[in-house]
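Text of the file my_file16.pdb, holding PDB, C-alpha atoms, pLDDT in the B column:
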```
ATOM      1  CA  MET A 196     -50.449   3.378  30.634  1.00 60.00           C
ATOM      2  CA  TYR A 197     -48.130   5.104  28.162  1.00 74.00           C
ATOM      3  CA  GLN A 198     -44.705   5.707  29.661  1.00 82.00           C
ATOM      4  CA  VAL A 199     -41.397   7.136  28.462  1.00 83.00           C
ATOM      5  CA  LEU A 200     -37.960   7.022  29.969  1.00 82.00           C
ATOM      6  CA  ASP A 201     -36.783  10.064  31.860  1.00 86.00           C
ATOM      7  CA  VAL A 202     -34.323  11.857  29.579  1.00 86.00           C
ATOM      8  CA  ASP A 203     -32.444  15.060  30.336  1.00 86.00           C
ATOM      9  CA  LEU A 204     -32.948  17.175  27.199  1.00 85.00           C
ATOM     10  CA  SER A 205     -31.047  20.212  28.444  1.00 87.00           C
ATOM     11  CA  PHE A 206     -27.940  21.385  26.610  1.00 84.00           C
ATOM     12  CA  LYS A 207     -24.831  21.446  28.720  1.00 88.00           C
ATOM     13  CA  TYR A 208     -21.758  23.506  27.876  1.00 87.00           C
ATOM     14  CA  GLU A 209     -19.821  20.417  26.781  1.00 90.00           C
ATOM     15  CA  ASP A 210     -22.757  19.212  24.686  1.00 92.00           C
ATOM     16  CA  LEU A 211     -22.816  22.471  22.722  1.00 94.00           C
ATOM     17  CA  LYS A 212     -19.074  22.286  22.032  1.00 94.00           C
ATOM     18  CA  VAL A 213     -19.750  19.036  20.161  1.00 95.00           C
ATOM     19  CA  PHE A 214     -23.236  19.724  18.807  1.00 96.00           C
ATOM     20  CA  ILE A 215     -22.514  23.096  17.199  1.00 96.00           C
ATOM     21  CA  PRO A 216     -19.366  22.117  15.212  1.00 96.00           C
ATOM     22  CA  VAL A 217     -20.954  18.905  13.912  1.00 96.00           C
ATOM     23  CA  VAL A 218     -24.291  20.429  12.950  1.00 96.00           C
ATOM     24  CA  GLY A 219     -22.682  23.642  11.642  1.00 95.00           C
ATOM     25  CA  SER A 220     -20.332  21.646   9.417  1.00 95.00           C
ATOM     26  CA  LEU A 221     -23.180  19.454   8.208  1.00 94.00           C
ATOM     27  CA  LEU A 222     -25.278  22.512   7.289  1.00 94.00           C
ATOM     28  CA  ALA A 223     -22.320  24.061   5.437  1.00 94.00           C
ATOM     29  CA  PHE A 224     -21.854  20.896   3.408  1.00 92.00           C
ATOM     30  CA  ILE A 225     -25.588  20.694   2.703  1.00 93.00           C
ATOM     31  CA  ILE A 226     -25.488  24.266   1.385  1.00 92.00           C
ATOM     32  CA  PHE A 227     -22.525  23.366  -0.811  1.00 92.00           C
ATOM     33  CA  TRP A 228     -24.103  20.187  -2.144  1.00 91.00           C
ATOM     34  CA  PHE A 229     -27.688  21.295  -2.659  1.00 92.00           C
ATOM     35  CA  THR A 230     -27.098  24.939  -3.612  1.00 92.00           C
ATOM     36  CA  TRP A 231     -23.807  25.292  -5.454  1.00 88.00           C
ATOM     37  CA  MET A 232     -24.001  21.764  -6.888  1.00 88.00           C
ATOM     38  CA  SER A 233     -27.677  22.062  -7.816  1.00 92.00           C
ATOM     39  CA  GLU A 234     -29.100  21.967 -11.333  1.00 91.00           C
ATOM     40  CA  LYS A 235     -30.633  25.399 -10.778  1.00 93.00           C
ATOM     41  CA  PHE A 236     -27.227  26.957 -10.062  1.00 92.00           C
ATOM     42  CA  GLN A 237     -25.679  25.174 -13.026  1.00 92.00           C
ATOM     43  CA  LYS A 238     -28.440  26.437 -15.325  1.00 93.00           C
ATOM     44  CA  THR A 239     -27.883  29.992 -14.049  1.00 93.00           C
ATOM     45  CA  MET A 240     -24.172  29.692 -14.828  1.00 93.00           C
ATOM     46  CA  MET A 241     -24.830  28.257 -18.284  1.00 93.00           C
ATOM     47  CA  ASP A 242     -27.261  31.096 -19.064  1.00 93.00           C
ATOM     48  CA  LYS A 243     -24.672  33.646 -17.917  1.00 92.00           C
ATOM     49  CA  PHE A 244     -21.552  32.233 -19.575  1.00 92.00           C
ATOM     50  CA  GLY A 245     -22.945  30.217 -22.480  1.00 91.00           C
ATOM     51  CA  GLU A 246     -22.067  26.787 -23.850  1.00 87.00           C
ATOM     52  CA  ASP A 247     -18.432  27.727 -24.377  1.00 82.00           C
ATOM     53  CA  ARG A 248     -17.377  28.968 -20.940  1.00 89.00           C
ATOM     54  CA  GLY A 249     -20.270  27.671 -18.860  1.00 92.00           C
ATOM     55  CA  PRO A 250     -19.081  24.131 -17.964  1.00 92.00           C
ATOM     56  CA  ALA A 251     -15.652  25.310 -16.800  1.00 93.00           C
ATOM     57  CA  ASN A 252     -17.033  28.250 -14.837  1.00 93.00           C
ATOM     58  CA  ILE A 253     -19.603  26.022 -13.132  1.00 94.00           C
ATOM     59  CA  ILE A 254     -16.772  23.975 -11.630  1.00 94.00           C
ATOM     60  CA  ILE A 255     -14.629  26.987 -10.738  1.00 95.00           C
ATOM     61  CA  TYR A 256     -17.449  28.992  -9.129  1.00 95.00           C
ATOM     62  CA  THR A 257     -18.834  25.919  -7.352  1.00 95.00           C
ATOM     63  CA  LYS A 258     -15.469  25.302  -5.698  1.00 95.00           C
ATOM     64  CA  ILE A 259     -14.963  28.931  -4.698  1.00 96.00           C
ATOM     65  CA  LEU A 260     -18.463  29.316  -3.262  1.00 94.00           C
ATOM     66  CA  GLY A 261     -18.295  25.891  -1.599  1.00 94.00           C
ATOM     67  CA  GLY A 262     -14.954  26.725  -0.006  1.00 96.00           C
ATOM     68  CA  LEU A 263     -16.295  30.001   1.346  1.00 95.00           C
ATOM     69  CA  SER A 264     -19.428  28.303   2.706  1.00 95.00           C
ATOM     70  CA  MET A 265     -17.489  25.579   4.499  1.00 95.00           C
ATOM     71  CA  GLY A 266     -14.684  27.880   5.613  1.00 95.00           C
ATOM     72  CA  ILE A 267     -16.864  30.651   7.041  1.00 96.00           C
ATOM     73  CA  LEU A 268     -20.237  29.294   8.200  1.00 95.00           C
ATOM     74  CA  PRO A 269     -19.132  26.613  10.730  1.00 96.00           C
ATOM     75  CA  ALA A 270     -16.410  28.839  12.214  1.00 96.00           C
ATOM     76  CA  ALA A 271     -18.696  31.880  12.464  1.00 96.00           C
ATOM     77  CA  THR A 272     -21.455  29.810  14.088  1.00 96.00           C
ATOM     78  CA  TYR A 273     -19.064  28.368  16.646  1.00 96.00           C
ATOM     79  CA  MET A 274     -17.440  31.711  17.473  1.00 96.00           C
ATOM     80  CA  ILE A 275     -20.840  33.369  17.937  1.00 96.00           C
ATOM     81  CA  ALA A 276     -21.850  30.604  20.343  1.00 95.00           C
ATOM     82  CA  PHE A 277     -18.492  30.757  22.139  1.00 96.00           C
ATOM     83  CA  PRO A 278     -17.246  34.360  21.807  1.00 95.00           C
ATOM     84  CA  GLU A 279     -14.119  33.618  23.830  1.00 95.00           C
ATOM     85  CA  THR A 280     -12.915  31.403  20.961  1.00 95.00           C
ATOM     86  CA  THR A 281     -10.236  32.740  18.612  1.00 95.00           C
ATOM     87  CA  LEU A 282      -9.250  31.561  15.146  1.00 95.00           C
ATOM     88  CA  VAL A 283      -6.035  30.259  16.694  1.00 94.00           C
ATOM     89  CA  ASP A 284      -8.135  27.998  18.936  1.00 94.00           C
ATOM     90  CA  LEU A 285      -9.654  26.530  15.769  1.00 96.00           C
ATOM     91  CA  GLY A 286      -6.264  25.772  14.236  1.00 95.00           C
ATOM     92  CA  LEU A 287      -5.903  28.882  12.096  1.00 93.00           C
ATOM     93  CA  GLY A 288      -2.626  30.072  13.525  1.00 89.00           C
ATOM     94  CA  PHE A 289       1.000  29.133  14.090  1.00 85.00           C
ATOM     95  CA  LYS A 290       2.627  28.091  17.337  1.00 86.00           C
ATOM     96  CA  ALA A 291       6.322  28.968  17.506  1.00 90.00           C
ATOM     97  CA  GLU A 292       7.139  25.842  19.490  1.00 94.00           C
ATOM     98  CA  THR A 293       5.697  23.551  16.794  1.00 94.00           C
ATOM     99  CA  ALA A 294       6.949  25.475  13.750  1.00 94.00           C
ATOM    100  CA  PHE A 295       9.630  22.907  12.903  1.00 95.00           C
ATOM    101  CA  ALA A 296       7.188  20.004  13.243  1.00 95.00           C
ATOM    102  CA  THR A 297       4.674  21.806  11.021  1.00 95.00           C
ATOM    103  CA  ILE A 298       7.277  22.368   8.302  1.00 96.00           C
ATOM    104  CA  ALA A 299       8.685  18.834   8.598  1.00 97.00           C
ATOM    105  CA  TRP A 300       5.277  17.161   8.378  1.00 96.00           C
ATOM    106  CA  THR A 301       4.210  19.398   5.503  1.00 96.00           C
ATOM    107  CA  LEU A 302       7.314  18.651   3.449  1.00 97.00           C
ATOM    108  CA  GLY A 303       7.631  14.981   4.416  1.00 96.00           C
ATOM    109  CA  LEU A 304       4.063  13.759   4.148  1.00 95.00           C
ATOM    110  CA  GLY A 305       3.420  16.258   1.362  1.00 96.00           C
ATOM    111  CA  ALA A 306       6.175  14.716  -0.775  1.00 97.00           C
ATOM    112  CA  VAL A 307       4.772  11.216  -0.236  1.00 96.00           C
ATOM    113  CA  MET A 308       1.193  12.217  -1.072  1.00 94.00           C
ATOM    114  CA  VAL A 309       2.218  14.245  -4.130  1.00 96.00           C
ATOM    115  CA  PHE A 310       4.183  11.253  -5.454  1.00 96.00           C
ATOM    116  CA  LEU A 311       1.213   8.924  -4.916  1.00 94.00           C
ATOM    117  CA  VAL A 312      -1.151  11.329  -6.675  1.00 94.00           C
ATOM    118  CA  TRP A 313       1.321  11.866  -9.526  1.00 95.00           C
ATOM    119  CA  ASN A 314       1.684   8.105  -9.988  1.00 94.00           C
ATOM    120  CA  ASN A 315      -2.088   7.516  -9.804  1.00 91.00           C
ATOM    121  CA  ALA A 316      -2.711  10.215 -12.426  1.00 90.00           C
ATOM    122  CA  ARG A 317      -1.353   7.968 -15.183  1.00 86.00           C
ATOM    123  CA  LYS A 318      -4.164   5.437 -14.737  1.00 89.00           C
ATOM    124  CA  PRO A 319      -6.997   5.397 -17.313  1.00 89.00           C
ATOM    125  CA  GLU A 320      -9.663   5.421 -14.598  1.00 87.00           C
ATOM    126  CA  THR A 321      -8.166   8.621 -13.165  1.00 89.00           C
ATOM    127  CA  LEU A 322      -7.961  10.294 -16.566  1.00 91.00           C
ATOM    128  CA  ALA A 323     -11.616   9.422 -17.094  1.00 88.00           C
ATOM    129  CA  HIS A 324     -12.599  11.776 -14.253  1.00 86.00           C
ATOM    130  CA  TYR A 325      -9.762  14.300 -13.921  1.00 92.00           C
ATOM    131  CA  PRO A 326      -9.171  17.105 -14.472  1.00 94.00           C
ATOM    132  CA  GLN A 327     -12.753  17.855 -13.534  1.00 92.00           C
ATOM    133  CA  ILE A 328     -13.007  20.476 -16.247  1.00 94.00           C
ATOM    134  CA  ARG A 329     -13.393  18.336 -19.358  1.00 92.00           C
ATOM    135  CA  ALA A 330     -12.702  21.035 -21.949  1.00 91.00           C
ATOM    136  CA  LYS A 331     -10.357  19.978 -24.728  1.00 91.00           C
ATOM    137  CA  ASN A 332      -8.985  23.479 -25.266  1.00 92.00           C
ATOM    138  CA  TRP A 333      -7.696  25.261 -22.169  1.00 95.00           C
ATOM    139  CA  THR A 334      -6.481  28.815 -21.727  1.00 93.00           C
ATOM    140  CA  LYS A 335      -4.023  29.826 -19.035  1.00 92.00           C
ATOM    141  CA  LYS A 336      -6.827  31.889 -17.489  1.00 93.00           C
ATOM    142  CA  MET A 337      -8.984  28.745 -17.257  1.00 94.00           C
ATOM    143  CA  MET A 338      -6.174  26.804 -15.594  1.00 96.00           C
ATOM    144  CA  GLY A 339      -5.524  29.676 -13.175  1.00 96.00           C
ATOM    145  CA  GLY A 340      -9.217  29.866 -12.290  1.00 95.00           C
ATOM    146  CA  ASN A 341      -9.320  26.108 -11.775  1.00 96.00           C
ATOM    147  CA  LEU A 342      -6.323  26.179  -9.405  1.00 97.00           C
ATOM    148  CA  LEU A 343      -7.812  29.156  -7.549  1.00 96.00           C
ATOM    149  CA  GLY A 344     -11.059  27.211  -7.200  1.00 96.00           C
ATOM    150  CA  TRP A 345      -9.244  24.203  -5.758  1.00 96.00           C
ATOM    151  CA  THR A 346      -7.259  26.434  -3.358  1.00 97.00           C
ATOM    152  CA  THR A 347     -10.363  28.182  -2.009  1.00 97.00           C
ATOM    153  CA  TYR A 348     -12.380  24.980  -1.786  1.00 96.00           C
ATOM    154  CA  LEU A 349      -9.739  22.875  -0.061  1.00 96.00           C
ATOM    155  CA  PHE A 350      -8.691  25.615   2.360  1.00 97.00           C
ATOM    156  CA  GLY A 351     -12.304  26.048   3.491  1.00 97.00           C
ATOM    157  CA  TYR A 352     -12.791  22.271   3.470  1.00 96.00           C
ATOM    158  CA  GLU A 353      -9.741  21.619   5.654  1.00 96.00           C
ATOM    159  CA  PHE A 354     -10.514  24.511   7.992  1.00 97.00           C
ATOM    160  CA  MET A 355     -13.924  22.955   8.537  1.00 97.00           C
ATOM    161  CA  PHE A 356     -12.696  19.366   9.023  1.00 97.00           C
ATOM    162  CA  ARG A 357      -9.304  19.784  10.679  1.00 96.00           C
ATOM    163  CA  GLY A 358     -10.200  23.038  12.424  1.00 96.00           C
ATOM    164  CA  VAL A 359     -13.795  23.660  13.520  1.00 96.00           C
ATOM    165  CA  LEU A 360     -14.836  20.017  13.435  1.00 96.00           C
ATOM    166  CA  PHE A 361     -11.733  18.712  15.181  1.00 97.00           C
ATOM    167  CA  PHE A 362     -10.195  20.968  17.834  1.00 97.00           C
ATOM    168  CA  PRO A 363     -13.384  21.668  19.864  1.00 96.00           C
ATOM    169  CA  LEU A 364     -14.280  17.964  19.828  1.00 97.00           C
ATOM    170  CA  TYR A 365     -10.726  16.964  20.757  1.00 97.00           C
ATOM    171  CA  GLU A 366     -10.856  19.252  23.795  1.00 95.00           C
ATOM    172  CA  THR A 367     -14.317  18.029  24.823  1.00 95.00           C
ATOM    173  CA  ILE A 368     -14.578  14.296  24.094  1.00 96.00           C
ATOM    174  CA  GLY A 369     -10.935  13.320  23.600  1.00 96.00           C
ATOM    175  CA  LEU A 370      -8.608  12.467  20.744  1.00 97.00           C
ATOM    176  CA  TRP A 371      -9.920   9.203  19.304  1.00 97.00           C
ATOM    177  CA  PRO A 372     -13.637   9.975  19.588  1.00 97.00           C
ATOM    178  CA  ALA A 373     -12.915  13.276  17.796  1.00 97.00           C
ATOM    179  CA  ILE A 374     -10.964  11.429  15.104  1.00 97.00           C
ATOM    180  CA  ALA A 375     -13.798   8.892  14.757  1.00 97.00           C
ATOM    181  CA  VAL A 376     -16.302  11.680  14.076  1.00 96.00           C
ATOM    182  CA  ASN A 377     -13.860  13.238  11.612  1.00 97.00           C
ATOM    183  CA  ILE A 378     -13.355   9.949   9.779  1.00 96.00           C
ATOM    184  CA  ALA A 379     -17.082   9.251   9.486  1.00 95.00           C
ATOM    185  CA  LEU A 380     -17.927  12.657   8.040  1.00 94.00           C
ATOM    186  CA  TYR A 381     -14.755  13.107   5.977  1.00 94.00           C
ATOM    187  CA  SER A 382     -14.891   9.675   4.364  1.00 94.00           C
ATOM    188  CA  GLY A 383     -18.624  10.060   3.837  1.00 91.00           C
ATOM    189  CA  THR A 384     -18.144  13.186   1.733  1.00 90.00           C
ATOM    190  CA  HIS A 385     -16.001  11.110  -0.651  1.00 89.00           C
ATOM    191  CA  ILE A 386     -18.696   8.506  -1.358  1.00 89.00           C
ATOM    192  CA  PRO A 387     -19.840  10.240  -4.589  1.00 86.00           C
ATOM    193  CA  LYS A 388     -16.239   9.913  -5.859  1.00 82.00           C
ATOM    194  CA  GLY A 389     -16.199   6.129  -5.593  1.00 85.00           C
ATOM    195  CA  GLN A 390     -14.787   3.362  -3.435  1.00 89.00           C
ATOM    196  CA  GLN A 391     -11.096   4.134  -3.913  1.00 85.00           C
ATOM    197  CA  GLU A 392     -11.304   7.735  -2.690  1.00 86.00           C
ATOM    198  CA  THR A 393     -13.784   6.882   0.078  1.00 92.00           C
ATOM    199  CA  VAL A 394     -11.557   4.163   1.566  1.00 93.00           C
ATOM    200  CA  GLY A 395      -8.351   6.114   0.911  1.00 90.00           C
ATOM    201  CA  ALA A 396      -9.762   9.074   2.836  1.00 92.00           C
ATOM    202  CA  ILE A 397      -9.734   7.052   6.087  1.00 95.00           C
ATOM    203  CA  PRO A 398      -5.956   6.713   6.680  1.00 94.00           C
ATOM    204  CA  LEU A 399      -5.350  10.206   5.308  1.00 93.00           C
ATOM    205  CA  CYS A 400      -7.926  11.600   7.740  1.00 95.00           C
ATOM    206  CA  ILE A 401      -6.275   9.862  10.697  1.00 96.00           C
ATOM    207  CA  ALA A 402      -2.842  11.166   9.682  1.00 95.00           C
ATOM    208  CA  LEU A 403      -4.035  14.743   9.169  1.00 96.00           C
ATOM    209  CA  CYS A 404      -5.905  14.790  12.487  1.00 97.00           C
ATOM    210  CA  LEU A 405      -2.876  13.486  14.391  1.00 97.00           C
ATOM    211  CA  ILE A 406      -0.601  16.024  12.704  1.00 96.00           C
ATOM    212  CA  SER A 407      -3.070  18.809  13.461  1.00 96.00           C
ATOM    213  CA  VAL A 408      -3.217  17.963  17.157  1.00 95.00           C
ATOM    214  CA  GLN A 409       0.577  17.604  17.375  1.00 95.00           C
ATOM    215  CA  THR A 410       1.234  20.956  15.704  1.00 96.00           C
ATOM    216  CA  GLY A 411      -1.802  22.805  17.040  1.00 95.00           C
ATOM    217  CA  ASN A 412      -2.849  24.000  13.581  1.00 96.00           C
ATOM    218  CA  MET A 413      -4.502  22.873  10.360  1.00 96.00           C
ATOM    219  CA  TRP A 414      -1.943  24.337   7.950  1.00 96.00           C
ATOM    220  CA  THR A 415      -0.204  21.045   7.160  1.00 95.00           C
ATOM    221  CA  ALA A 416      -3.543  19.440   6.261  1.00 96.00           C
ATOM    222  CA  ALA A 417      -4.553  22.378   4.044  1.00 97.00           C
ATOM    223  CA  ILE A 418      -1.213  22.715   2.240  1.00 97.00           C
ATOM    224  CA  ILE A 419      -0.885  18.972   1.583  1.00 96.00           C
ATOM    225  CA  HIS A 420      -4.447  18.709   0.277  1.00 95.00           C
ATOM    226  CA  ILE A 421      -3.980  21.718  -2.017  1.00 97.00           C
ATOM    227  CA  ALA A 422      -0.641  20.347  -3.281  1.00 97.00           C
ATOM    228  CA  MET A 423      -2.339  17.028  -4.055  1.00 95.00           C
ATOM    229  CA  SER A 424      -5.062  18.776  -6.052  1.00 96.00           C
ATOM    230  CA  TYR A 425      -2.520  20.840  -8.009  1.00 97.00           C
ATOM    231  CA  THR A 426      -0.516  17.705  -8.795  1.00 97.00           C
ATOM    232  CA  ASN A 427      -3.590  15.784  -9.887  1.00 95.00           C
ATOM    233  CA  THR A 428      -4.934  18.622 -12.049  1.00 96.00           C
ATOM    234  CA  LEU A 429      -1.671  19.489 -13.786  1.00 96.00           C
ATOM    235  CA  THR A 430      -0.580  15.870 -14.275  1.00 96.00           C
ATOM    236  CA  THR A 431      -3.883  14.593 -15.641  1.00 96.00           C
ATOM    237  CA  PHE A 432      -4.107  17.613 -17.928  1.00 96.00           C
ATOM    238  CA  LYS A 433      -0.630  16.936 -19.287  1.00 94.00           C
ATOM    239  CA  ARG A 434      -1.323  13.226 -19.779  1.00 93.00           C
ATOM    240  CA  HIS A 435      -4.787  13.604 -21.254  1.00 92.00           C
ATOM    241  CA  PRO A 436      -4.474  12.913 -24.984  1.00 90.00           C
ATOM    242  CA  GLU A 437      -7.250  15.320 -26.010  1.00 91.00           C
ATOM    243  CA  MET A 438      -6.461  18.337 -23.816  1.00 94.00           C
ATOM    244  CA  LYS A 439      -4.139  21.193 -24.768  1.00 93.00           C
ATOM    245  CA  TYR A 440      -3.453  24.893 -24.181  1.00 93.00           C
ATOM    246  CA  VAL A 441      -4.745  27.426 -26.708  1.00 92.00           C
ATOM    247  CA  GLU A 442      -4.445  31.187 -26.950  1.00 83.00           C
ATOM    248  CA  ALA A 443      -7.200  33.133 -25.201  1.00 67.00           C
TER     249      ALA A 443
END
```
Please express the file's structure as structure tokens.
Amino acid sequence: MYQVLDVDLSFKYEDLKVFIPVVGSLLAFIIFWFTWMSEKFQKTMMDKFGEDRGPANIIIYTKILGGLSMGILPAATYMIAFPETTLVDLGLGFKAETAFATIAWTLGLGAVMVFLVWNNARKPETLAHYPQIRAKNWTKKMMGGNLLGWTTYLFGYEFMFRGVLFFPLYETIGLWPAIAVNIALYSGTHIPKGQQETVGAIPLCIALCLISVQTGNMWTAAIIHIAMSYTNTLTTFKRHPEMKYVEA
């Protein structure tokens, strides 16, 4: 006779506090990857902006739209499911008692990470991929749009990972299980960028999660990540032998 084990399929309150952030974040990343990164979207952008401006605007718009998707969708889903939740509960706020620690971690770890990125930007393998916009002639407007794209993308990205995907899990399943989930998903998103970034994301993820839980916010993670992207973009642009500024 066919038998199955007795399994309780009901959703408990604690289950939802883990299920919704994980699935909501996954859906947001799927939207980013398969909508804003899709060939259809890129063709639409090329048709709108042409061969000249299209490639750069694809990257800029992809980052802005991806940042909004990841920054809004998981948080909105969670707050609808748990209306008592505030943005402060998800790390989007400052706690007066941890203000000094937030500033110290941001400046201290930020300086270390910026130096490492600056040093890595001189390597040929880095220059082969960055800056992501591969135009030889840049305008200041293009550079400004690129930095705005990185800011929007990484703020939404960090709010999703170090906010929505971390604080509810930390409160429900504990610190290290929450960090383990964060590592798996965060490192996994770096796989398309190669082994170095995928492996390097692991210790950075642990550090940013620990700082977030110590300070009660995700601002250090967001600011450091944005500073790293600015450093990488500006340094690789300056060191790239074929890239230069031109008048608009």
Given the choices A:Tyr440, A:Ala223, A:His385, A:Tyr197, which gets closest to Gly266 of chain A if the distance is worked out from all atoms listed in the file?
-> A:Ala223
Compare A:Gly288, A:Gly395, A:Gly261, A:Gly389 by their minimum atom-to-atom distance to Thr410 of chain A, counting all atoms listed in the file, and give me the closest one.
->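 Using all atoms listed in the file, the shortest distance to Thr410 of chain A belongs to A:Gly288.
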Run the PyMOL selection byres ((chain A and resi 431) around 9) mentally over the shown coordinates, then write out the matched residues as a count of residues only, using the chain letters and numbers from the document.
-> 16
Distance criterion (only C-alpha atoms): nearest to Glu437 of chain A out of A:Thr281, A:Thr301, A:Asn332, A:Asn252 | A:Asn332
Residue nearest Phe354 of chain A - candidates A:Arg329, A:Met265, A:Glu366, A:Val394, atoms counted: only C-alpha atoms =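 Checking each candidate against Phe354 of chain A, we get A:Met265 as the closest.
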Residues near Glu442 of chain A, cut-off 12 Å, all atoms listed in the file, skip fewer than 6 positions along chain, as a ChimeraX atom specification = /A:332-337
So what does the PyMOL selection byres ((chain A and resi 215) around 12) actually pick up in this one, as JSON, numbers by chain?
-> {"A": [206, 207, 208, 209, 210, 211, 212, 213, 214, 216, 217, 218, 219, 220, 221, 222, 223, 268, 269, 270, 271, 272, 273, 274, 275, 276, 277, 359, 360, 361, 363, 364]}
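Residues lying within 10 Å of (-11.2, 28.8, -11.2). Counted over all atoms listed in the file, they are A:Ala251, A:Asn252, A:Ile253, A:Ile254, A:Ile255, A:Tyr256, A:Thr257, A:Lys258, A:Ile259, A:Ile328, A:Lys336, A:Met337, A:Met338, A:Gly339, A:Gly340, A:Asn341, A:Leu342, A:Leu343, A:Gly344, A:Trp345, A:Thr346, A:Thr347.
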Have a look at A:Pro387, A:Met308, A:Ala422, A:Leu260 and name the one nearest to Leu399 of chain A; count all atoms listed in the file.
->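 Looking at the shortest contact to Leu399 of chain A, the residue is A:Met308.
Pairwise distance (atom CA of Lys388 of chain A, atom CA of His324 of chain A) equals 9.3 Å.
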Using only C-alpha atoms, which of A:Asn377, A:Ser424, A:Ser233, A:Thr415 sits nearest Ile401 of chain A?
->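 Using only C-alpha atoms, Ile401 of chain A sits closest to A:Asn377.
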In Å, with one decimal, what is the gap from atom CA of Gln237 of chain A to atom CA of Gly262 of chain A?
->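 These two atoms are separated by 16.9 Å.
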Any chance you could resolve the PyMOL selection byres ((chain A and resi 296) around 12) against this file and give the residues as a ChimeraX atom specification?
-> /A:289-295,297-304,406-412,414-415
Expressed in Å to a single decimal, how great is the separation between atom CA of Gly383 of chain A and atom CA of Leu282 of chain A?
->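 Atom CA of Gly383 of chain A sits 26.0 Å away from atom CA of Leu282 of chain A.
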